[in-house]
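First up is the structure itself, then whatever we jot down about it.
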Amino acid sequence: MPEPSHPLVQLAGSERAPLADVTSAGQLDTSERAELTLVLRRRAEIPADIVEGPTVLTSDQLAEQYGADPADVDLVRQTLTGLGLEITAVYPASRRIKVAGTLGQLSSVFGAELRQVSSPAPKGHGTVTHRYREGWLSVPAPLDGVVLAVLGLDNRPQARPHFRAPRDGGAAAAAQGQTYPPNQVASIYQFPAGTTGAGQTIAVIELGGGYSDSDLDTYFGGLGIPVPSVTAASVDGGSNAPGSDPNGADVEVALDVDVIGAAAPGAAQVVYFAPNSDSGFIDAISEAAQASPAPIAISISWGQSEDSWTAQGRIAMDAAMADAAALGITVCVASGDNGSADMGQDWDGVPHADFPASSPFALACGGTNLKAPNGHINEEVWNGGLQGGAGGGGVSVVFAQPKYQAHARVPKSPTHQHGRGVPDISGDADPATGYRIFLNGVGTTIGGTSAVAPLMAGLIARINEATIKKFGKTVGFINPLIYASHAQGVFRDITAGNNDITGDLHGMYKAGPGWDPCSGLGVPDGAALQNLLAA
């Protein structure tokens, strides 16, 4: 193995904090081959008037103006191949370079000390074995400032799915008529009449699990809806694997696909399956944003508290979502199911925002409890307590408040900064008033903000269908538009409830008039939102 011929320079933002409950899982095989994702700097920063304005770039324009500089790509290639690594792919528009070698080579080149360990799996279902590191990474000196992130050496599960099952299995709520097929929720929320999402594509990000055609046939046949177009796409070796995680990722996949297919049956779904790691997550978003045909929305129902990410991981994913916004794509992201704590039983006494929902380039989707007997809507913030979950919301401690939230009266973050407020909008998420879906041959009820992200992606697809027909253009990244002063009346304000599940935050945060860190702007009236975006 060639020895590094350049001194190593510490990579800013790469520090990994120790994980709790880690146990050794045998000796790491340093001869094993692995592939990493490197993220390079932009040749120029994307101007705010592009990602927050009406301009929509093409993929070629994004690459040529704001992608990786060809000189940077050549420098990385020459430096790393000179150290015995292989460049396996280059993606100039998303500034990603895939580099491969043995774990021994990769550890040496990037200054990592890797171990093989076991740690608790997402959602608490057993344990998972993975590569693990602590502390900082480094890069060869010529790449200092050129390479912004080195992802994938530590391949611990990066995110958890944000779904919740009813504590009683949903029987009581179903008996009272308080659970819904997703198309009924779309009707309650006044999704635009005469639209189905026809001609639109929605990308869905999944970090495990899978769906079966037989489940789709049974579910949509029972709703009297044609089976939608659903296609699986592989990222970094991920695949559609139904039955691989029946109590975890499989539930998430079924919820996402069923909600979109029922709420926007005319839209084509492309489901990107990637490993649950920082590199897999970011690669999936980048590939979805750069796909052809381009999606009008990306649905993400996975996340984790901001402090569970490395700074380089947050920066790289935020940049990937900025690319999507510049391409006219709205990334709908679940805001979390553990209220303002965002950490469930492991709460550390401080409120947390969930990422990637806290990115300024995400449409953060919060949760409500929806009751609509005989068409009379009664809706408040979802809060089922520590065991039942609550809609995520709060203020970011790492992302500054975006310009579009300047007049939203977002409170200061726990570190007393003017941070990005979460969520932006909300919808039914309480599992007690949840969504009837079909999973592994059985009908079931599921809730969580995981359901709200695909629901809003379906709404955007239906709005875009109508907008293209009428004006010949897409709605683009919607966040700046929904916060505009003329957006009043587009949202049904949610003013009751709070998302404190611990009992120690004294109701922080509480719902109230206007934007709040429980329900955002409120629940959209689909028809009114269409009129706003069309105007």
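The chains in the structure tokens are called A, B, ... from first to last as shown; in each chain the residues are counted from 1, and the ligands are counted from 1 in the order shown.
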
Check: Near A:Gln10, counting only C-alpha atoms, which residues have an atom at most 9 Å away, once you skip same-chain residues fewer than 4 positions from it, shown as a ChimeraX atom specification?
Finding: /A:14,111,136-141,144

Save out the residues we just selected, N, CA, C and O atoms, as a PDB file, in the first residue's frame.
```pdb
ATOM      1  N   SER A  14     -15.487  17.320  10.260  1.00  0.00           N
ATOM      2  CA  SER A  14     -15.547  15.860  10.142  1.00  0.00           C
ATOM      3  C   SER A  14     -15.587  15.136  11.475  1.00  0.00           C
ATOM      4  O   SER A  14     -15.654  13.911  11.510  1.00  0.00           O
ATOM      5  N   GLY A 111      -6.782   9.538   7.283  1.00  0.00           N
ATOM      6  CA  GLY A 111      -6.439   9.685   8.688  1.00  0.00           C
ATOM      7  C   GLY A 111      -7.468   9.159   9.661  1.00  0.00           C
ATOM      8  O   GLY A 111      -7.711   9.764  10.710  1.00  0.00           O
ATOM      9  N   TRP A 136     -11.549  13.179  14.276  1.00  0.00           N
ATOM     10  CA  TRP A 136     -11.474  13.915  13.021  1.00  0.00           C
ATOM     11  C   TRP A 136     -10.940  13.063  11.881  1.00  0.00           C
ATOM     12  O   TRP A 136     -10.196  12.108  12.087  1.00  0.00           O
ATOM     13  N   LEU A 137     -11.310  13.461  10.655  1.00  0.00           N
ATOM     14  CA  LEU A 137     -10.671  12.970   9.439  1.00  0.00           C
ATOM     15  C   LEU A 137      -9.669  14.016   8.960  1.00  0.00           C
ATOM     16  O   LEU A 137      -9.683  15.170   9.392  1.00  0.00           O
ATOM     17  N   SER A 138      -8.840  13.599   8.025  1.00  0.00           N
ATOM     18  CA  SER A 138      -7.897  14.508   7.382  1.00  0.00           C
ATOM     19  C   SER A 138      -7.935  14.270   5.882  1.00  0.00           C
ATOM     20  O   SER A 138      -8.459  13.254   5.410  1.00  0.00           O
ATOM     21  N   VAL A 139      -7.371  15.215   5.134  1.00  0.00           N
ATOM     22  CA  VAL A 139      -7.217  15.068   3.687  1.00  0.00           C
ATOM     23  C   VAL A 139      -5.778  15.394   3.336  1.00  0.00           C
ATOM     24  O   VAL A 139      -5.110  16.154   4.050  1.00  0.00           O
ATOM     25  N   PRO A 140      -5.265  14.833   2.232  1.00  0.00           N
ATOM     26  CA  PRO A 140      -3.930  15.227   1.779  1.00  0.00           C
ATOM     27  C   PRO A 140      -3.873  16.741   1.565  1.00  0.00           C
ATOM     28  O   PRO A 140      -4.836  17.346   1.075  1.00  0.00           O
ATOM     29  N   ALA A 141      -2.777  17.354   1.920  1.00  0.00           N
ATOM     30  CA  ALA A 141      -2.662  18.816   1.920  1.00  0.00           C
ATOM     31  C   ALA A 141      -3.104  19.488   0.621  1.00  0.00           C
ATOM     32  O   ALA A 141      -3.742  20.549   0.677  1.00  0.00           O
ATOM     33  N   ASP A 144      -6.823  20.419   0.703  1.00  0.00           N
ATOM     34  CA  ASP A 144      -7.358  21.262   1.763  1.00  0.00           C
ATOM     35  C   ASP A 144      -8.167  22.410   1.169  1.00  0.00           C
ATOM     36  O   ASP A 144      -7.658  23.168   0.325  1.00  0.00           O
TER      37      ASP A 144
END
```

Closest contacts (stretch 183-228 of chain A/stretch 244-255 of chain A, max 7 Å, only C-alpha atoms) as JSON lines:
```
{"residue": "A:Glu206", "atom": "CA", "partner": "A:Val253", "partner_atom": "CA", "distance": 6.7}
{"residue": "A:Gly208", "atom": "CA", "partner": "A:Ala249", "partner_atom": "CA", "distance": 5.3}
{"residue": "A:Gly209", "atom": "CA", "partner": "A:Asp250", "partner_atom": "CA", "distance": 4.3}
{"residue": "A:Gly210", "atom": "CA", "partner": "A:Asp250", "partner_atom": "CA", "distance": 5.4}
{"residue": "A:Tyr211", "atom": "CA", "partner": "A:Ala254", "partner_atom": "CA", "distance": 6.3}
```

Where in stretch 279-502 of chain A does DSSP assign alpha helix (DSSP H), given as a PDB file with C-alpha atoms, in the first residue's frame?
```pdb
ATOM      1  CA  SER A 279     -23.069   8.919   2.194  1.00  0.00           C
ATOM      2  CA  GLY A 280     -26.057   6.817   1.110  1.00  0.00           C
ATOM      3  CA  PHE A 281     -28.563   9.461   2.225  1.00  0.00           C
ATOM      4  CA  ILE A 282     -26.767  12.312   0.453  1.00  0.00           C
ATOM      5  CA  ASP A 283     -26.127  10.284  -2.704  1.00  0.00           C
ATOM      6  CA  ALA A 284     -29.829   9.383  -2.908  1.00  0.00           C
ATOM      7  CA  ILE A 285     -30.937  13.021  -2.712  1.00  0.00           C
ATOM      8  CA  SER A 286     -28.360  14.099  -5.285  1.00  0.00           C
ATOM      9  CA  GLU A 287     -29.294  11.352  -7.728  1.00  0.00           C
ATOM     10  CA  ALA A 288     -32.995  12.055  -7.330  1.00  0.00           C
ATOM     11  CA  ALA A 289     -32.511  15.785  -7.934  1.00  0.00           C
ATOM     12  CA  ALA A 311     -20.991  19.217  10.389  1.00  0.00           C
ATOM     13  CA  GLN A 312     -19.619  17.998   7.044  1.00  0.00           C
ATOM     14  CA  GLY A 313     -22.627  15.698   6.638  1.00  0.00           C
ATOM     15  CA  ARG A 314     -25.105  18.494   7.347  1.00  0.00           C
ATOM     16  CA  ILE A 315     -23.293  20.878   4.999  1.00  0.00           C
ATOM     17  CA  ALA A 316     -23.156  18.332   2.185  1.00  0.00           C
ATOM     18  CA  MET A 317     -26.833  17.408   2.492  1.00  0.00           C
ATOM     19  CA  ASP A 318     -27.930  21.029   2.804  1.00  0.00           C
ATOM     20  CA  ALA A 319     -26.002  21.772  -0.391  1.00  0.00           C
ATOM     21  CA  ALA A 320     -27.672  18.825  -2.143  1.00  0.00           C
ATOM     22  CA  MET A 321     -31.078  20.245  -1.201  1.00  0.00           C
ATOM     23  CA  ALA A 322     -29.973  23.722  -2.343  1.00  0.00           C
ATOM     24  CA  ASP A 323     -29.241  22.116  -5.711  1.00  0.00           C
ATOM     25  CA  ALA A 324     -32.748  20.671  -5.736  1.00  0.00           C
ATOM     26  CA  ALA A 325     -34.260  24.079  -4.920  1.00  0.00           C
ATOM     27  CA  ALA A 326     -32.260  25.700  -7.732  1.00  0.00           C
ATOM     28  CA  GLY A 385     -46.897  12.043  25.149  1.00  0.00           C
ATOM     29  CA  LEU A 386     -43.577  10.304  25.594  1.00  0.00           C
ATOM     30  CA  GLN A 387     -44.940   6.907  24.535  1.00  0.00           C
ATOM     31  CA  GLY A 388     -47.291   8.147  21.825  1.00  0.00           C
ATOM     32  CA  VAL A 452     -47.068  14.282   6.006  1.00  0.00           C
ATOM     33  CA  ALA A 453     -43.993  14.545   3.772  1.00  0.00           C
ATOM     34  CA  PRO A 454     -45.398  12.237   1.042  1.00  0.00           C
ATOM     35  CA  LEU A 455     -48.847  13.824   1.429  1.00  0.00           C
ATOM     36  CA  MET A 456     -47.408  17.277   0.708  1.00  0.00           C
ATOM     37  CA  ALA A 457     -45.316  15.911  -2.145  1.00  0.00           C
ATOM     38  CA  GLY A 458     -48.556  14.600  -3.650  1.00  0.00           C
ATOM     39  CA  LEU A 459     -50.200  17.995  -3.194  1.00  0.00           C
ATOM     40  CA  ILE A 460     -47.323  19.746  -4.960  1.00  0.00           C
ATOM     41  CA  ALA A 461     -47.549  17.269  -7.837  1.00  0.00           C
ATOM     42  CA  ARG A 462     -51.263  17.971  -8.272  1.00  0.00           C
ATOM     43  CA  ILE A 463     -50.726  21.732  -8.100  1.00  0.00           C
ATOM     44  CA  ASN A 464     -47.910  21.502 -10.627  1.00  0.00           C
ATOM     45  CA  GLU A 465     -50.066  19.511 -13.022  1.00  0.00           C
ATOM     46  CA  ALA A 466     -52.613  22.332 -13.042  1.00  0.00           C
ATOM     47  CA  THR A 467     -49.960  25.074 -13.219  1.00  0.00           C
ATOM     48  CA  ILE A 468     -48.237  23.533 -16.221  1.00  0.00           C
ATOM     49  CA  LYS A 469     -51.541  23.156 -18.049  1.00  0.00           C
ATOM     50  CA  LYS A 470     -52.487  26.770 -17.405  1.00  0.00           C
ATOM     51  CA  PHE A 471     -49.147  28.596 -17.544  1.00  0.00           C
ATOM     52  CA  ASN A 479     -40.918  27.920   0.611  1.00  0.00           C
ATOM     53  CA  PRO A 480     -40.396  31.622  -0.203  1.00  0.00           C
ATOM     54  CA  LEU A 481     -43.867  31.819  -1.751  1.00  0.00           C
ATOM     55  CA  ILE A 482     -45.789  30.364   1.171  1.00  0.00           C
TER      56      ILE A 482
END
```

Note to self: What's the separation between atom CA of A:Ser335 and atom CA of A:Ala297, in Å to one decimal place?
What the structure shows: 16.4 Å

Next item on the list: Determine, counting only C-alpha atoms, which protein, DNA and RNA residues have an atom within 9 Å of an atom of A:Ser119; residues of the same chain fewer than 2 positions away are not included. Present the result as a PyMOL selection string.
Entry: chain A and resi 19-23+117+121+126-130+156

Checklist line | In stretch 34-198 of chain A, DSSP strand (DSSP E or B) residues written as a ChimeraX atom specification | finding: /A:34-40,86-91,96-102,115-120,127-132,135,138-140,147-151,160-161,164,180

Checklist line | Residue with smallest distance to A:Leu28 - pool A:Asn531, A:Thr310, A:Thr218, A:Gln116, counting only C-alpha atoms | finding: A:Gln116

Note to self: For a test of reading the model, state the distance in Å between atom CA of A:Phe477 and atom CA of A:Ser239, rounded to one decimal.
What the structure shows: 28.8 Å

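Residues surrounding A:Asp69 within 10 Å are Leu40, Arg41, Arg42, Arg43, Ala44, Ala63, Glu64, Gln65, Tyr66, Asp72, Val73, Asp74, Leu75, Pro92, Ala93, Arg95 and Val146 of chain A [only C-alpha atoms; sequence separation below 3 positions excluded].
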
Would you mind exporting the chosen residues as an mmCIF file, in the first residue's frame, restricted to N, CA, C and O atoms?
```cif
data_model
loop_
_atom_site.group_PDB
_atom_site.id
_atom_site.type_symbol
_atom_site.label_atom_id
_atom_site.label_comp_id
_atom_site.auth_asym_id
_atom_site.auth_seq_id
_atom_site.Cartn_x
_atom_site.Cartn_y
_atom_site.Cartn_z
ATOM 1 N N LEU A 40 -17.034 18.136 -3.162
ATOM 2 C CA LEU A 40 -16.107 19.216 -3.450
ATOM 3 C C LEU A 40 -16.781 20.570 -3.302
ATOM 4 O O LEU A 40 -18.010 20.677 -3.297
ATOM 5 N N ARG A 41 -15.981 21.617 -3.217
ATOM 6 C CA ARG A 41 -16.503 22.975 -3.151
ATOM 7 C C ARG A 41 -17.156 23.349 -4.476
ATOM 8 O O ARG A 41 -16.883 22.757 -5.525
ATOM 9 N N ARG A 42 -18.042 24.332 -4.431
ATOM 10 C CA ARG A 42 -18.648 24.869 -5.648
ATOM 11 C C ARG A 42 -17.646 25.789 -6.350
ATOM 12 O O ARG A 42 -16.808 26.419 -5.707
ATOM 13 N N ARG A 43 -17.795 25.904 -7.668
ATOM 14 C CA ARG A 43 -16.984 26.894 -8.371
ATOM 15 C C ARG A 43 -17.484 28.309 -8.075
ATOM 16 O O ARG A 43 -16.729 29.277 -8.179
ATOM 17 N N ALA A 44 -18.766 28.435 -7.696
ATOM 18 C CA ALA A 44 -19.343 29.711 -7.244
ATOM 19 C C ALA A 44 -20.571 29.377 -6.424
ATOM 20 O O ALA A 44 -21.235 28.360 -6.657
ATOM 21 N N ALA A 63 -24.467 22.591 -13.258
ATOM 22 C CA ALA A 63 -23.115 22.039 -13.335
ATOM 23 C C ALA A 63 -22.120 23.083 -13.801
ATOM 24 O O ALA A 63 -21.024 23.223 -13.236
ATOM 25 N N GLU A 64 -22.475 23.834 -14.838
ATOM 26 C CA GLU A 64 -21.535 24.772 -15.458
ATOM 27 C C GLU A 64 -21.269 25.997 -14.585
ATOM 28 O O GLU A 64 -20.174 26.559 -14.615
ATOM 29 N N GLN A 65 -22.294 26.419 -13.810
ATOM 30 C CA GLN A 65 -22.136 27.646 -13.043
ATOM 31 C C GLN A 65 -21.817 27.407 -11.567
ATOM 32 O O GLN A 65 -21.057 28.178 -10.963
ATOM 33 N N TYR A 66 -22.385 26.329 -10.993
ATOM 34 C CA TYR A 66 -22.274 26.141 -9.545
ATOM 35 C C TYR A 66 -21.826 24.741 -9.144
ATOM 36 O O TYR A 66 -21.857 24.397 -7.966
ATOM 37 N N ASP A 72 -10.542 21.397 -10.023
ATOM 38 C CA ASP A 72 -10.623 20.728 -8.727
ATOM 39 C C ASP A 72 -10.773 19.216 -8.903
ATOM 40 O O ASP A 72 -10.160 18.425 -8.173
ATOM 41 N N VAL A 73 -11.598 18.829 -9.875
ATOM 42 C CA VAL A 73 -11.795 17.402 -10.137
ATOM 43 C C VAL A 73 -10.472 16.759 -10.548
ATOM 44 O O VAL A 73 -10.103 15.676 -10.065
ATOM 45 N N ASP A 74 -9.726 17.432 -11.436
ATOM 46 C CA ASP A 74 -8.440 16.889 -11.879
ATOM 47 C C ASP A 74 -7.452 16.776 -10.713
ATOM 48 O O ASP A 74 -6.709 15.796 -10.609
ATOM 49 N N LEU A 75 -7.455 17.781 -9.842
ATOM 50 C CA LEU A 75 -6.556 17.756 -8.696
ATOM 51 C C LEU A 75 -6.873 16.590 -7.772
ATOM 52 O O LEU A 75 -5.964 15.885 -7.301
ATOM 53 N N PRO A 92 -20.160 16.141 -11.717
ATOM 54 C CA PRO A 92 -19.808 17.567 -11.582
ATOM 55 C C PRO A 92 -20.938 18.437 -11.046
ATOM 56 O O PRO A 92 -20.691 19.368 -10.268
ATOM 57 N N ALA A 93 -22.187 18.175 -11.446
ATOM 58 C CA ALA A 93 -23.295 19.046 -11.026
ATOM 59 C C ALA A 93 -23.494 19.005 -9.514
ATOM 60 O O ALA A 93 -23.735 20.037 -8.884
ATOM 61 N N ARG A 95 -21.141 17.872 -7.436
ATOM 62 C CA ARG A 95 -19.795 18.029 -6.876
ATOM 63 C C ARG A 95 -19.345 16.780 -6.117
ATOM 64 O O ARG A 95 -18.553 16.873 -5.191
ATOM 65 N N VAL A 146 -10.537 22.145 -0.907
ATOM 66 C CA VAL A 146 -11.155 21.660 -2.145
ATOM 67 C C VAL A 146 -12.189 20.587 -1.825
ATOM 68 O O VAL A 146 -13.314 20.614 -2.328
#
```

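Going from atom CA of A:Glu52 over to atom CA of A:Ile478, you cover 8.6 Å.
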
Next item on the list: For A:Thr55, please output as JSON, numbers by chain all residues within 9 Å (counting only C-alpha atoms; exclusion window: fewer than 4 positions along the same chain).
Entry: {"A": [49, 50, 51, 326, 327, 328, 476]}

What would the file look like if the residues just selected were written as a PDB file, in the first residue's frame with C-alpha atoms?
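Output file out-v3.pdb follows:
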```pdb
ATOM      1  CA  ASP A  49     -32.265  35.096  -5.751  1.00  0.00           C
ATOM      2  CA  ILE A  50     -32.097  31.750  -7.553  1.00  0.00           C
ATOM      3  CA  VAL A  51     -32.961  29.400  -4.685  1.00  0.00           C
ATOM      4  CA  ALA A 326     -32.260  25.700  -7.732  1.00  0.00           C
ATOM      5  CA  LEU A 327     -33.601  23.023 -10.089  1.00  0.00           C
ATOM      6  CA  GLY A 328     -37.179  23.897  -9.074  1.00  0.00           C
ATOM      7  CA  GLY A 476     -40.542  25.508  -8.295  1.00  0.00           C
TER       8      GLY A 476
END
```

Note to self: I want to know what sits within 10 Å of A:Val76, based on only C-alpha atoms, with residues of the same chain fewer than 2 positions away left out; could you give that as a PyMOL selection string?
What the structure shows: chain A and resi 38+40+70-74+78-82+87+97+99+140+142-143+146-147

Margin query: Can you pull out the residues contacting stretch 511-513 of chain A? Cut-off 8 Å, using only C-alpha atoms, and skip same-chain residues under 6 positions away; I want them as a list of chain:residue names.
Written below: A:Val381, A:Asp493, A:Ile494, A:Thr495, A:Ala496, A:Gly497, A:Asn498, A:Ser519

Would you save the residues of that selection, restricted to C-alpha atoms, as a short mmCIF file (atom, residue, chain, number, x, y, z; two decimals), in the first residue's frame?
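Written file, result-v1.cif:
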```cif
data_model
loop_
_atom_site.label_atom_id
_atom_site.label_comp_id
_atom_site.auth_asym_id
_atom_site.auth_seq_id
_atom_site.Cartn_x
_atom_site.Cartn_y
_atom_site.Cartn_z
CA VAL A 381 -51.02 19.82 17.34
CA ASP A 493 -53.97 28.13 11.41
CA ILE A 494 -53.49 25.51 14.13
CA THR A 495 -53.67 27.33 17.45
CA ALA A 496 -54.27 24.53 19.99
CA GLY A 497 -51.76 22.18 21.56
CA ASN A 498 -48.00 21.91 22.09
CA SER A 519 -47.42 23.47 13.29
#
```

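Across A:Gly101, A:Pro182, A:Pro122, A:Pro47, the tightest approach to A:Ile437 is made by A:Pro182 when counting only C-alpha atoms.
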